[in-house]
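Peer 1: Starting off with a structure, shown below.
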Amino acid sequence: MISIIGAGPGGLTCARILQKYGIPVTVYDRDPHPRARNQGGTLDLHADDGQLALREAGLLDEFFALARPEGQEMRKLDPAGVLLEHHVPAEGELFKPEIDRGQLRGLLLDSLEPGTVRWGSALESVELPGRLRFADGTTVDTDLVIGADGAWSRVRPAVSAAVPGYSGITFLEAWFDDVENAHPELAALVGQGSAMAADGDRCLFAQRNSGDHIRVYVIQRLPADWVGSRDTPEIRARLLDAFSQWSPSMLRMITDNDGPYVDRPLYVLPVPHTWERTPSVTLLGDAAHLMPPLGVGVNLAMLDARELALALAGSSSLVEAVEVYENSMLPRSEKVARRLENGAEGLLEID
């Protein structure tokens, strides 16, 4: 029996490919149901990793039916709102089209056999070699545990003592709804893809989502707990003070949002992050290599999922499969992590 912890893109991609090869698998997720919480903003799936995984899963055509190639548009502005650089995707450009996280998750969930995901299963710990202990007191014995449960993985401690550390950079998320009608100036400023501006100490990064939504990330160097008990007016006042030299058109990104801000301090795992091989437990995605959110996280998770599933399908034993997978995944993720080390700082820089 193979058990995957976490029904995110990585875990679901792995489950889909395993089922494609006739390998039984169960996915456990702590959420009570698939719509229990917002899945986050949009992401770009690259032709050389995320799309490769979807091709192996037999879902690439369905992905392109949902994806937004126009979302590859990128605008770079200055704090006054002056356009400095502008990438407009060419006709037929499909290297990294955008898709909402919720849409991607729905696509993957719908591809699985009924009952594959056990919702409301909050993992407490893994007891080697392969006993899953859940918060409700139940246990499950399994041959292989795949930790696809993100930054604060409950599977990771079974193989590694590493814990994520604060990067020094924090994201504050703001949401804008019905933007063409309610926020037309912001919609025009951002365009169909993303727009960003930085002054060396702070950055605004806006991202068009489907359904006429925009998400803005306010990026600063601040303590991880800076939001604390501050309410929305207090946070807004602090932001207006920090961005006091920015133009009114840019300040709309931090003053006109619909609803409260969402605090998202950035944590990363040590580089390199390795562990002594344990044939009954392995990790993928952020559980294995948590990095700054610079367009690689979901893509690497899905590539991990593809390689692990193919190793399991093509090996004579679980021991061999885990060895094949980790011998590929660990060096690759270290290389990318070293390239992106302190990469969130780069978002604040003025080129």
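Ordered as shown in the structure tokens, chains take letters A, B, and onward, while each chain numbers its residues from 1 and ligands are numbered from 1 in the order shown.
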Against region 310-334 of chain A, which residues of region 6-79 of chain A fall within 12 Å? For each one I want the closest pair of atoms and the distance in Å (one decimal), counting only C-alpha atoms, rows by chain and increasing residue number, as a tab-separated table.
Peer 2:
residue	atom	partner	partner_atom	distance
A:Thr13	CA	A:Leu310	CA	11.5
A:Cys14	CA	A:Leu310	CA	9.0
A:Ala15	CA	A:Leu310	CA	11.1
A:Arg16	CA	A:Leu310	CA	11.3
A:Ile17	CA	A:Leu310	CA	7.7
A:Leu18	CA	A:Ala313	CA	7.1
A:Gln19	CA	A:Ala313	CA	9.9
A:Lys20	CA	A:Ala313	CA	9.7
A:Tyr21	CA	A:Ala313	CA	6.5
A:Gly22	CA	A:Ala313	CA	8.6
A:Ile23	CA	A:Ala313	CA	7.5
A:Pro24	CA	A:Ala313	CA	11.0
A:Val25	CA	A:Leu312	CA	11.4
A:Asp49	CA	A:Arg332	CA	11.9
A:Ala53	CA	A:Leu310	CA	10.4
A:Glu56	CA	A:Leu310	CA	9.1
A:Ala57	CA	A:Leu310	CA	10.6
Peer 1: Could those residues be written to a file, using C-alpha atoms, as a PDB file, in the first residue's frame?
Peer 2:
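Output saved as part.pdb:
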ATOM      1  CA  THR A  13      -0.148  14.390  -9.502  1.00  0.00           C
ATOM      2  CA  CYS A  14       1.719  11.475  -7.965  1.00  0.00           C
ATOM      3  CA  ALA A  15      -1.548   9.683  -7.175  1.00  0.00           C
ATOM      4  CA  ARG A  16      -2.885  10.225 -10.696  1.00  0.00           C
ATOM      5  CA  ILE A  17       0.221   8.793 -12.378  1.00  0.00           C
ATOM      6  CA  LEU A  18       0.346   5.837  -9.976  1.00  0.00           C
ATOM      7  CA  GLN A  19      -3.267   5.005 -10.793  1.00  0.00           C
ATOM      8  CA  LYS A  20      -2.509   5.338 -14.486  1.00  0.00           C
ATOM      9  CA  TYR A  21      -0.011   2.486 -14.004  1.00  0.00           C
ATOM     10  CA  GLY A  22      -2.463   0.440 -11.941  1.00  0.00           C
ATOM     11  CA  ILE A  23      -0.730   1.044  -8.590  1.00  0.00           C
ATOM     12  CA  PRO A  24      -3.114   1.379  -5.613  1.00  0.00           C
ATOM     13  CA  VAL A  25      -2.692   4.586  -3.621  1.00  0.00           C
ATOM     14  CA  ASP A  49       8.541  20.433 -15.509  1.00  0.00           C
ATOM     15  CA  ALA A  53       4.060  15.943 -15.234  1.00  0.00           C
ATOM     16  CA  GLU A  56       2.524  11.899 -18.037  1.00  0.00           C
ATOM     17  CA  ALA A  57      -0.740  12.132 -16.109  1.00  0.00           C
TER      18      ALA A  57
END
Peer 1: If you count only C-alpha atoms, which residues fall within 9 Å of region 240-243 of chain A, apart from same-chain ones fewer than 6 positions away, as an MDAnalysis selection string?
Peer 2: chainID A and resid 79 202 251 254:255
Peer 1: Rounded to one decimal place, report the CA of Arg101 (chain A)-CA of Gly41 (chain A) distance in Å.
Peer 2: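 If I compute the distance from CA of Arg101 (chain A) to CA of Gly41 (chain A), I get 6.0 Å.
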Peer 1: Could you pull the residues within 12 Å of Val82 (chain A), counting only C-alpha atoms, minus those fewer than 4 positions along the same chain, as a list in words?
Peer 2: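 Result of the neighbour search: Arg75, Lys76, Leu77, Asp78, His86, Leu189, Val190, Ala195, Met196, Ala197, Ala198, Trp246, Ser247, Ser249 and Met250 of chain A.
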Peer 1: Using backbone DSSP assignments, extract all helix (DSSP H, G or I) residues from region 109-255 of chain A; output them as a ChimeraX atom specification.
Peer 2: /A:109-111,156-158,179-182,184-190,232-242,248-255
Peer 1: For the residues in that selection, give me N, CA, C and O atoms as a short mmCIF file (atom, residue, chain, number, x, y, z; two decimals), in the first residue's frame.
Peer 2:
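File written: result28.cif
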data_model
loop_
_atom_site.label_atom_id
_atom_site.label_comp_id
_atom_site.auth_asym_id
_atom_site.auth_seq_id
_atom_site.Cartn_x
_atom_site.Cartn_y
_atom_site.Cartn_z
N LEU A 109 -8.03 16.40 -8.96
CA LEU A 109 -8.98 15.63 -8.15
C LEU A 109 -9.97 14.87 -9.02
O LEU A 109 -10.28 13.70 -8.77
N ASP A 110 -10.48 15.53 -10.05
CA ASP A 110 -11.47 14.90 -10.92
C ASP A 110 -10.90 13.72 -11.70
O ASP A 110 -11.65 12.88 -12.21
N SER A 111 -9.57 13.67 -11.83
CA SER A 111 -8.93 12.60 -12.60
C SER A 111 -8.73 11.33 -11.78
O SER A 111 -8.39 10.28 -12.34
N ARG A 156 7.97 14.89 7.36
CA ARG A 156 9.40 15.19 7.34
C ARG A 156 10.16 14.74 8.59
O ARG A 156 11.27 14.19 8.47
N PRO A 157 9.63 14.93 9.81
CA PRO A 157 10.40 14.51 10.99
C PRO A 157 10.75 13.03 11.04
O PRO A 157 11.66 12.64 11.78
N ALA A 158 10.06 12.21 10.26
CA ALA A 158 10.40 10.79 10.23
C ALA A 158 11.75 10.53 9.57
O ALA A 158 12.37 9.48 9.82
N VAL A 179 -12.73 43.19 -10.75
CA VAL A 179 -11.81 44.31 -10.95
C VAL A 179 -12.15 45.20 -12.14
O VAL A 179 -11.90 46.40 -12.10
N GLU A 180 -12.72 44.63 -13.20
CA GLU A 180 -13.02 45.48 -14.36
C GLU A 180 -14.08 46.52 -14.03
O GLU A 180 -14.07 47.63 -14.59
N ASN A 181 -14.98 46.19 -13.10
CA ASN A 181 -16.02 47.14 -12.71
C ASN A 181 -15.66 47.90 -11.44
O ASN A 181 -15.83 49.12 -11.36
N ALA A 182 -15.18 47.19 -10.43
CA ALA A 182 -14.94 47.81 -9.13
C ALA A 182 -13.56 48.45 -9.01
O ALA A 182 -13.38 49.39 -8.23
N PRO A 184 -11.27 49.45 -11.94
CA PRO A 184 -10.83 49.54 -13.34
C PRO A 184 -9.43 50.12 -13.49
O PRO A 184 -8.69 49.71 -14.40
N GLU A 185 -9.03 51.04 -12.62
CA GLU A 185 -7.68 51.62 -12.73
C GLU A 185 -6.62 50.56 -12.43
O GLU A 185 -5.60 50.48 -13.12
N LEU A 186 -6.87 49.76 -11.41
CA LEU A 186 -5.93 48.68 -11.09
C LEU A 186 -5.90 47.64 -12.20
O LEU A 186 -4.83 47.16 -12.57
N ALA A 187 -7.06 47.31 -12.75
CA ALA A 187 -7.12 46.34 -13.83
C ALA A 187 -6.30 46.81 -15.03
O ALA A 187 -5.57 46.03 -15.65
N ALA A 188 -6.40 48.10 -15.35
CA ALA A 188 -5.64 48.65 -16.47
C ALA A 188 -4.15 48.68 -16.17
O ALA A 188 -3.31 48.43 -17.05
N LEU A 189 -3.79 48.93 -14.93
CA LEU A 189 -2.38 49.00 -14.53
C LEU A 189 -1.72 47.62 -14.62
O LEU A 189 -0.60 47.49 -15.09
N VAL A 190 -2.44 46.59 -14.19
CA VAL A 190 -1.86 45.24 -14.11
C VAL A 190 -1.90 44.53 -15.45
O VAL A 190 -0.99 43.77 -15.79
N THR A 232 -7.10 45.56 10.19
CA THR A 232 -6.89 46.06 8.83
C THR A 232 -6.55 47.54 8.78
O THR A 232 -5.61 47.94 8.09
N PRO A 233 -7.27 48.43 9.50
CA PRO A 233 -6.89 49.85 9.46
C PRO A 233 -5.48 50.12 9.96
O PRO A 233 -4.76 50.96 9.41
N GLU A 234 -5.05 49.42 11.01
CA GLU A 234 -3.69 49.62 11.53
C GLU A 234 -2.65 49.16 10.52
O GLU A 234 -1.62 49.83 10.31
N ILE A 235 -2.90 48.02 9.89
CA ILE A 235 -1.96 47.51 8.89
C ILE A 235 -1.89 48.49 7.71
O ILE A 235 -0.80 48.82 7.23
N ARG A 236 -3.04 48.96 7.27
CA ARG A 236 -3.07 49.88 6.14
C ARG A 236 -2.31 51.16 6.46
O ARG A 236 -1.56 51.69 5.62
N ALA A 237 -2.48 51.68 7.66
CA ALA A 237 -1.77 52.91 8.05
C ALA A 237 -0.27 52.69 8.03
O ALA A 237 0.50 53.57 7.58
N ARG A 238 0.17 51.54 8.49
CA ARG A 238 1.61 51.25 8.50
C ARG A 238 2.13 51.12 7.06
O ARG A 238 3.23 51.59 6.75
N LEU A 239 1.33 50.49 6.19
CA LEU A 239 1.75 50.35 4.80
C LEU A 239 1.83 51.72 4.12
O LEU A 239 2.78 51.99 3.37
N LEU A 240 0.86 52.57 4.37
CA LEU A 240 0.87 53.90 3.75
C LEU A 240 2.08 54.70 4.20
O LEU A 240 2.65 55.48 3.42
N ASP A 241 2.49 54.52 5.42
CA ASP A 241 3.70 55.20 5.90
C ASP A 241 4.93 54.64 5.19
O ASP A 241 5.80 55.39 4.73
N ALA A 242 5.01 53.31 5.06
CA ALA A 242 6.17 52.69 4.42
C ALA A 242 6.25 53.04 2.94
O ALA A 242 7.34 53.19 2.38
N PRO A 248 -0.10 57.76 -6.08
CA PRO A 248 -1.47 57.34 -5.74
C PRO A 248 -1.95 56.15 -6.58
O PRO A 248 -2.68 55.29 -6.07
N SER A 249 -1.56 56.08 -7.85
CA SER A 249 -2.00 54.96 -8.69
C SER A 249 -1.46 53.64 -8.17
O SER A 249 -2.14 52.60 -8.23
N MET A 250 -0.24 53.65 -7.65
CA MET A 250 0.35 52.42 -7.11
C MET A 250 -0.22 52.10 -5.72
O MET A 250 -0.36 50.93 -5.36
N LEU A 251 -0.54 53.14 -4.96
CA LEU A 251 -1.06 52.91 -3.61
C LEU A 251 -2.42 52.24 -3.61
O LEU A 251 -2.84 51.69 -2.59
N ARG A 252 -3.12 52.26 -4.75
CA ARG A 252 -4.39 51.52 -4.82
C ARG A 252 -4.19 50.04 -4.48
O ARG A 252 -5.11 49.37 -4.02
N MET A 253 -2.99 49.54 -4.76
CA MET A 253 -2.73 48.12 -4.51
C MET A 253 -2.76 47.78 -3.01
O MET A 253 -2.90 46.62 -2.65
N ILE A 254 -2.60 48.80 -2.16
CA ILE A 254 -2.59 48.51 -0.72
C ILE A 254 -3.73 49.19 0.03
O ILE A 254 -3.87 48.99 1.24
N THR A 255 -4.53 49.99 -0.65
CA THR A 255 -5.61 50.69 0.06
C THR A 255 -7.01 50.27 -0.39
O THR A 255 -7.97 50.45 0.36
#
Peer 1: Could you check how far CA of Gly346 (chain A) sits from CA of Leu303 (chain A), in Å to one decimal?
Peer 2: 25.1 Å
Peer 1: Can you pull out the residues contacting region 116-132 of chain A? Cut-off 10 Å, using only C-alpha atoms, and skip same-chain residues under 3 positions away; I want them as a PyMOL selection string.
Peer 2: chain A and resi 2-7+12+15-16+19+24-34+109+112-113+135-145+147+149+153-159+278-281
Peer 1: With N, CA and C atoms retained, write the just-selected residues as a compact mmCIF listing (two decimals), in the first residue's frame.
Peer 2:
# COMPACT_ATOMS: atom_id res chain seq x y z
N ILE A 2 0.50 2.21 -0.84
CA ILE A 2 1.21 3.49 -0.89
C ILE A 2 0.28 4.57 -0.35
N SER A 3 0.78 5.38 0.57
CA SER A 3 0.00 6.45 1.18
C SER A 3 0.67 7.78 0.93
N ILE A 4 -0.10 8.73 0.39
CA ILE A 4 0.39 10.09 0.15
C ILE A 4 -0.27 11.02 1.16
N ILE A 5 0.52 11.83 1.83
CA ILE A 5 -0.01 12.80 2.78
C ILE A 5 0.01 14.17 2.11
N GLY A 6 -1.18 14.72 1.91
CA GLY A 6 -1.29 16.04 1.30
C GLY A 6 -1.93 15.99 -0.08
N ALA A 7 -3.09 16.65 -0.22
CA ALA A 7 -3.81 16.68 -1.50
C ALA A 7 -3.59 18.00 -2.21
N LEU A 12 -1.40 15.00 -5.53
CA LEU A 12 -2.44 14.55 -6.45
C LEU A 12 -1.85 14.11 -7.79
N ALA A 15 -0.47 10.67 -7.25
CA ALA A 15 -1.55 9.68 -7.17
C ALA A 15 -2.13 9.39 -8.55
N ARG A 16 -2.32 10.41 -9.35
CA ARG A 16 -2.89 10.22 -10.70
C ARG A 16 -1.99 9.33 -11.56
N GLN A 19 -2.06 5.69 -10.36
CA GLN A 19 -3.27 5.01 -10.79
C GLN A 19 -3.25 4.70 -12.28
N PRO A 24 -2.17 0.86 -6.61
CA PRO A 24 -3.11 1.38 -5.61
C PRO A 24 -2.46 2.45 -4.73
N VAL A 25 -3.21 3.49 -4.43
CA VAL A 25 -2.69 4.59 -3.62
C VAL A 25 -3.85 5.26 -2.90
N THR A 26 -3.58 5.74 -1.71
CA THR A 26 -4.55 6.53 -0.95
C THR A 26 -3.90 7.86 -0.58
N VAL A 27 -4.67 8.93 -0.71
CA VAL A 27 -4.21 10.27 -0.34
C VAL A 27 -4.97 10.70 0.91
N TYR A 28 -4.23 11.20 1.90
CA TYR A 28 -4.83 11.70 3.14
C TYR A 28 -4.61 13.20 3.24
N ASP A 29 -5.69 13.93 3.57
CA ASP A 29 -5.57 15.38 3.71
C ASP A 29 -6.36 15.85 4.92
N ARG A 30 -5.80 16.85 5.63
CA ARG A 30 -6.43 17.32 6.86
C ARG A 30 -7.68 18.15 6.61
N ASP A 31 -7.83 18.74 5.44
CA ASP A 31 -9.03 19.53 5.15
C ASP A 31 -10.28 18.64 5.22
N PRO A 32 -11.39 19.15 5.76
CA PRO A 32 -12.60 18.32 5.86
C PRO A 32 -13.24 18.00 4.51
N HIS A 33 -13.01 18.85 3.52
CA HIS A 33 -13.53 18.61 2.18
C HIS A 33 -12.72 19.47 1.20
N PRO A 34 -12.82 19.23 -0.10
CA PRO A 34 -11.94 19.90 -1.06
C PRO A 34 -12.15 21.41 -1.17
N LEU A 109 -8.03 16.40 -8.96
CA LEU A 109 -8.98 15.63 -8.15
C LEU A 109 -9.97 14.87 -9.02
N LEU A 112 -8.91 11.41 -10.46
CA LEU A 112 -8.63 10.27 -9.59
C LEU A 112 -9.85 9.36 -9.45
N GLU A 113 -9.58 8.12 -9.12
CA GLU A 113 -10.65 7.17 -8.85
C GLU A 113 -11.43 7.62 -7.62
N ALA A 135 -4.82 12.52 13.98
CA ALA A 135 -5.25 13.31 15.14
C ALA A 135 -6.46 12.70 15.84
N ASP A 136 -7.27 11.93 15.12
CA ASP A 136 -8.46 11.33 15.74
C ASP A 136 -8.15 10.02 16.46
N GLY A 137 -6.85 9.67 16.52
CA GLY A 137 -6.44 8.47 17.23
C GLY A 137 -6.33 7.24 16.37
N THR A 138 -6.77 7.29 15.13
CA THR A 138 -6.68 6.13 14.25
C THR A 138 -5.27 5.97 13.72
N THR A 139 -4.93 4.76 13.31
CA THR A 139 -3.64 4.47 12.71
C THR A 139 -3.85 3.69 11.43
N VAL A 140 -2.89 3.82 10.53
CA VAL A 140 -2.88 3.07 9.27
C VAL A 140 -1.46 2.59 9.04
N ASP A 141 -1.30 1.31 8.75
CA ASP A 141 0.00 0.76 8.39
C ASP A 141 0.12 0.73 6.88
N THR A 142 1.26 1.20 6.38
CA THR A 142 1.44 1.34 4.94
C THR A 142 2.85 0.96 4.56
N ASP A 143 3.05 0.59 3.30
CA ASP A 143 4.38 0.17 2.84
C ASP A 143 5.27 1.36 2.51
N LEU A 144 4.66 2.44 2.00
CA LEU A 144 5.43 3.63 1.65
C LEU A 144 4.62 4.87 1.98
N VAL A 145 5.25 5.78 2.72
CA VAL A 145 4.65 7.07 3.04
C VAL A 145 5.32 8.13 2.17
N GLY A 147 5.50 12.05 1.75
CA GLY A 147 5.18 13.32 2.36
C GLY A 147 5.07 14.41 1.31
N ASP A 149 3.09 17.12 2.04
CA ASP A 149 2.27 17.95 2.92
C ASP A 149 2.91 19.30 3.25
N SER A 153 5.46 20.06 7.04
CA SER A 153 5.19 18.64 6.87
C SER A 153 5.23 17.88 8.20
N ARG A 154 4.22 17.02 8.41
CA ARG A 154 4.23 16.10 9.55
C ARG A 154 4.96 14.81 9.21
N VAL A 155 5.26 14.61 7.92
CA VAL A 155 6.01 13.43 7.52
C VAL A 155 7.51 13.67 7.65
N ARG A 156 7.97 14.89 7.36
CA ARG A 156 9.40 15.19 7.34
C ARG A 156 10.16 14.74 8.59
N PRO A 157 9.63 14.93 9.81
CA PRO A 157 10.40 14.51 10.99
C PRO A 157 10.75 13.03 11.04
N ALA A 158 10.06 12.21 10.26
CA ALA A 158 10.40 10.79 10.23
C ALA A 158 11.75 10.53 9.57
N VAL A 159 12.21 11.47 8.74
CA VAL A 159 13.48 11.27 8.04
C VAL A 159 14.48 12.40 8.26
N THR A 278 15.42 6.24 3.84
CA THR A 278 14.50 5.36 4.57
C THR A 278 13.55 4.76 3.54
N PRO A 279 13.65 3.48 3.24
CA PRO A 279 12.87 2.90 2.13
C PRO A 279 11.36 3.05 2.26
N SER A 280 10.85 3.28 3.48
CA SER A 280 9.40 3.35 3.66
C SER A 280 8.87 4.77 3.73
N VAL A 281 9.74 5.78 3.62
CA VAL A 281 9.30 7.18 3.69
C VAL A 281 10.12 8.02 2.72
Peer 1: Please extract the residues of region 149-230 of chain A with a backbone DSSP assignment of strand (DSSP E) and present them as a PyMOL selection string.
Peer 2: chain A and resi 165-176+194-198+202-209+213-221
Peer 1: Could you dump the residues just selected with N, CA and C atoms as a JSON list (two decimals), in the first residue's frame?
Peer 2:
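Result file follows (again25.json):
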[["chain", "number", "residue", "atom", "x", "y", "z"],
["A", 165, "GLY", "N", 13.19, 27.87, 8.28],
["A", 165, "GLY", "CA", 13.62, 29.09, 8.95],
["A", 165, "GLY", "C", 13.08, 30.31, 8.23],
["A", 166, "TYR", "N", 12.84, 31.37, 8.99],
["A", 166, "TYR", "CA", 12.30, 32.59, 8.39],
["A", 166, "TYR", "C", 13.34, 33.25, 7.51],
["A", 167, "SER", "N", 12.91, 33.65, 6.31],
["A", 167, "SER", "CA", 13.82, 34.22, 5.31],
["A", 167, "SER", "C", 14.14, 35.69, 5.55],
["A", 168, "GLY", "N", 13.35, 36.35, 6.40],
["A", 168, "GLY", "CA", 13.52, 37.79, 6.59],
["A", 168, "GLY", "C", 12.61, 38.62, 5.70],
["A", 169, "ILE", "N", 11.93, 37.95, 4.79],
["A", 169, "ILE", "CA", 11.03, 38.63, 3.85],
["A", 169, "ILE", "C", 9.60, 38.17, 4.12],
["A", 170, "THR", "N", 8.69, 39.12, 4.13],
["A", 170, "THR", "CA", 7.29, 38.78, 4.35],
["A", 170, "THR", "C", 6.43, 39.26, 3.19],
["A", 171, "PHE", "N", 5.44, 38.46, 2.85],
["A", 171, "PHE", "CA", 4.43, 38.83, 1.85],
["A", 171, "PHE", "C", 3.13, 39.13, 2.60],
["A", 172, "LEU", "N", 2.47, 40.19, 2.24],
["A", 172, "LEU", "CA", 1.14, 40.50, 2.74],
["A", 172, "LEU", "C", 0.21, 40.49, 1.54],
["A", 173, "GLU", "N", -0.77, 39.60, 1.56],
["A", 173, "GLU", "CA", -1.64, 39.40, 0.40],
["A", 173, "GLU", "C", -2.90, 40.25, 0.50],
["A", 174, "ALA", "N", -3.26, 40.88, -0.60],
["A", 174, "ALA", "CA", -4.49, 41.66, -0.69],
["A", 174, "ALA", "C", -5.30, 41.19, -1.89],
["A", 175, "TRP", "N", -6.62, 41.10, -1.75],
["A", 175, "TRP", "CA", -7.49, 40.58, -2.80],
["A", 175, "TRP", "C", -8.35, 41.70, -3.37],
["A", 176, "PHE", "N", -8.59, 41.61, -4.67],
["A", 176, "PHE", "CA", -9.43, 42.57, -5.38],
["A", 176, "PHE", "C", -10.39, 41.79, -6.27],
["A", 194, "SER", "N", 0.90, 39.82, -14.88],
["A", 194, "SER", "CA", 1.44, 40.31, -13.62],
["A", 194, "SER", "C", 2.10, 41.66, -13.82],
["A", 195, "ALA", "N", 2.18, 42.42, -12.72],
["A", 195, "ALA", "CA", 2.87, 43.70, -12.73],
["A", 195, "ALA", "C", 3.58, 43.86, -11.40],
["A", 196, "MET", "N", 4.78, 44.40, -11.44],
["A", 196, "MET", "CA", 5.53, 44.57, -10.19],
["A", 196, "MET", "C", 6.32, 45.87, -10.23],
["A", 197, "ALA", "N", 6.60, 46.38, -9.02],
["A", 197, "ALA", "CA", 7.44, 47.56, -8.87],
["A", 197, "ALA", "C", 8.18, 47.43, -7.55],
["A", 198, "ALA", "N", 9.43, 47.95, -7.50],
["A", 198, "ALA", "CA", 10.24, 47.87, -6.29],
["A", 198, "ALA", "C", 11.05, 49.16, -6.15],
["A", 202, "ARG", "N", 11.16, 47.66, -0.67],
["A", 202, "ARG", "CA", 9.81, 47.12, -0.68],
["A", 202, "ARG", "C", 9.35, 46.89, -2.11],
["A", 203, "CYS", "N", 8.34, 46.09, -2.26],
["A", 203, "CYS", "CA", 7.87, 45.72, -3.60],
["A", 203, "CYS", "C", 6.37, 45.49, -3.57],
["A", 204, "LEU", "N", 5.71, 45.82, -4.67],
["A", 204, "LEU", "CA", 4.32, 45.44, -4.90],
["A", 204, "LEU", "C", 4.29, 44.52, -6.11],
["A", 205, "PHE", "N", 3.68, 43.36, -5.94],
["A", 205, "PHE", "CA", 3.58, 42.38, -7.02],
["A", 205, "PHE", "C", 2.12, 42.03, -7.19],
["A", 206, "ALA", "N", 1.55, 42.40, -8.33],
["A", 206, "ALA", "CA", 0.14, 42.16, -8.62],
["A", 206, "ALA", "C", 0.00, 41.06, -9.65],
["A", 207, "GLN", "N", -1.04, 40.25, -9.49],
["A", 207, "GLN", "CA", -1.18, 39.04, -10.30],
["A", 207, "GLN", "C", -2.65, 38.86, -10.68],
["A", 208, "ARG", "N", -2.93, 38.85, -11.96],
["A", 208, "ARG", "CA", -4.29, 38.63, -12.45],
["A", 208, "ARG", "C", -4.66, 37.16, -12.24],
["A", 209, "ASN", "N", -5.84, 36.92, -11.67],
["A", 209, "ASN", "CA", -6.39, 35.58, -11.52],
["A", 209, "ASN", "C", -7.60, 35.46, -12.44],
["A", 213, "HIS", "N", -10.45, 38.55, -10.91],
["A", 213, "HIS", "CA", -9.82, 38.83, -9.62],
["A", 213, "HIS", "C", -8.36, 39.22, -9.83],
["A", 214, "ILE", "N", -7.83, 40.00, -8.90],
["A", 214, "ILE", "CA", -6.40, 40.31, -8.84],
["A", 214, "ILE", "C", -5.95, 40.10, -7.40],
["A", 215, "ARG", "N", -4.77, 39.51, -7.25],
["A", 215, "ARG", "CA", -4.12, 39.42, -5.94],
["A", 215, "ARG", "C", -2.86, 40.26, -5.98],
["A", 216, "VAL", "N", -2.63, 40.99, -4.91],
["A", 216, "VAL", "CA", -1.44, 41.81, -4.76],
["A", 216, "VAL", "C", -0.66, 41.31, -3.55],
["A", 217, "TYR", "N", 0.65, 41.21, -3.72],
["A", 217, "TYR", "CA", 1.53, 40.82, -2.63],
["A", 217, "TYR", "C", 2.41, 42.02, -2.27],
["A", 218, "VAL", "N", 2.29, 42.47, -1.03],
["A", 218, "VAL", "CA", 3.11, 43.57, -0.51],
["A", 218, "VAL", "C", 4.33, 42.93, 0.14],
["A", 219, "ILE", "N", 5.51, 43.18, -0.42],
["A", 219, "ILE", "CA", 6.71, 42.45, -0.03],
["A", 219, "ILE", "C", 7.66, 43.41, 0.69],
["A", 220, "GLN", "N", 8.08, 43.03, 1.91],
["A", 220, "GLN", "CA", 8.96, 43.88, 2.71],
["A", 220, "GLN", "C", 9.90, 43.05, 3.57],
["A", 221, "ARG", "N", 10.95, 43.68, 4.08],
["A", 221, "ARG", "CA", 11.81, 43.08, 5.10],
["A", 221, "ARG", "C", 11.24, 43.48, 6.45]]
Peer 1: Compile the contact shell of region 95-98 of chain A as an NGL selection string: residues with an atom at most 6 Å away, counting only C-alpha atoms, same-chain residues fewer than 6 positions apart removed.
Peer 2: :A and (43-47 or 67-69 or 71-72)
Peer 1: Find the distance between CA of Thr42 (chain A) and CA of Gln103 (chain A) and write it in Å to one decimal.
Peer 2: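 About the pair CA of Thr42 (chain A) and CA of Gln103 (chain A): they are 9.2 Å apart.
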Peer 1: Fewer than 3 positions away in the same chain doesn't count, so skip those; otherwise give me all residues within 6 Å of Asn299 (chain A), counting only C-alpha atoms, as a list in words.
Peer 2: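 Answer for this query is Asp49, Gly50, Val296 and Met302 of chain A.
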Peer 1: How would the residues just picked look written out with N, CA, C and O atoms as a PDB file, in the first residue's frame?
Peer 2:
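Written output follows (again.pdb):
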ATOM      1  N   ASP A  49       8.734  21.155 -16.773  1.00  0.00           N
ATOM      2  CA  ASP A  49       8.541  20.433 -15.509  1.00  0.00           C
ATOM      3  C   ASP A  49       7.056  20.228 -15.210  1.00  0.00           C
ATOM      4  O   ASP A  49       6.546  19.127 -15.331  1.00  0.00           O
ATOM      5  N   GLY A  50       6.313  21.266 -14.846  1.00  0.00           N
ATOM      6  CA  GLY A  50       4.899  21.081 -14.532  1.00  0.00           C
ATOM      7  C   GLY A  50       4.102  20.477 -15.665  1.00  0.00           C
ATOM      8  O   GLY A  50       3.280  19.574 -15.469  1.00  0.00           O
ATOM      9  N   VAL A 296       8.895  28.347  -9.005  1.00  0.00           N
ATOM     10  CA  VAL A 296       9.387  26.973  -9.163  1.00  0.00           C
ATOM     11  C   VAL A 296       8.694  25.968  -8.261  1.00  0.00           C
ATOM     12  O   VAL A 296       8.752  24.767  -8.523  1.00  0.00           O
ATOM     13  N   MET A 302       5.474  18.950  -8.875  1.00  0.00           N
ATOM     14  CA  MET A 302       4.845  18.082  -9.872  1.00  0.00           C
ATOM     15  C   MET A 302       5.886  17.253 -10.619  1.00  0.00           C
ATOM     16  O   MET A 302       5.625  16.096 -10.970  1.00  0.00           O
TER      17      MET A 302
END
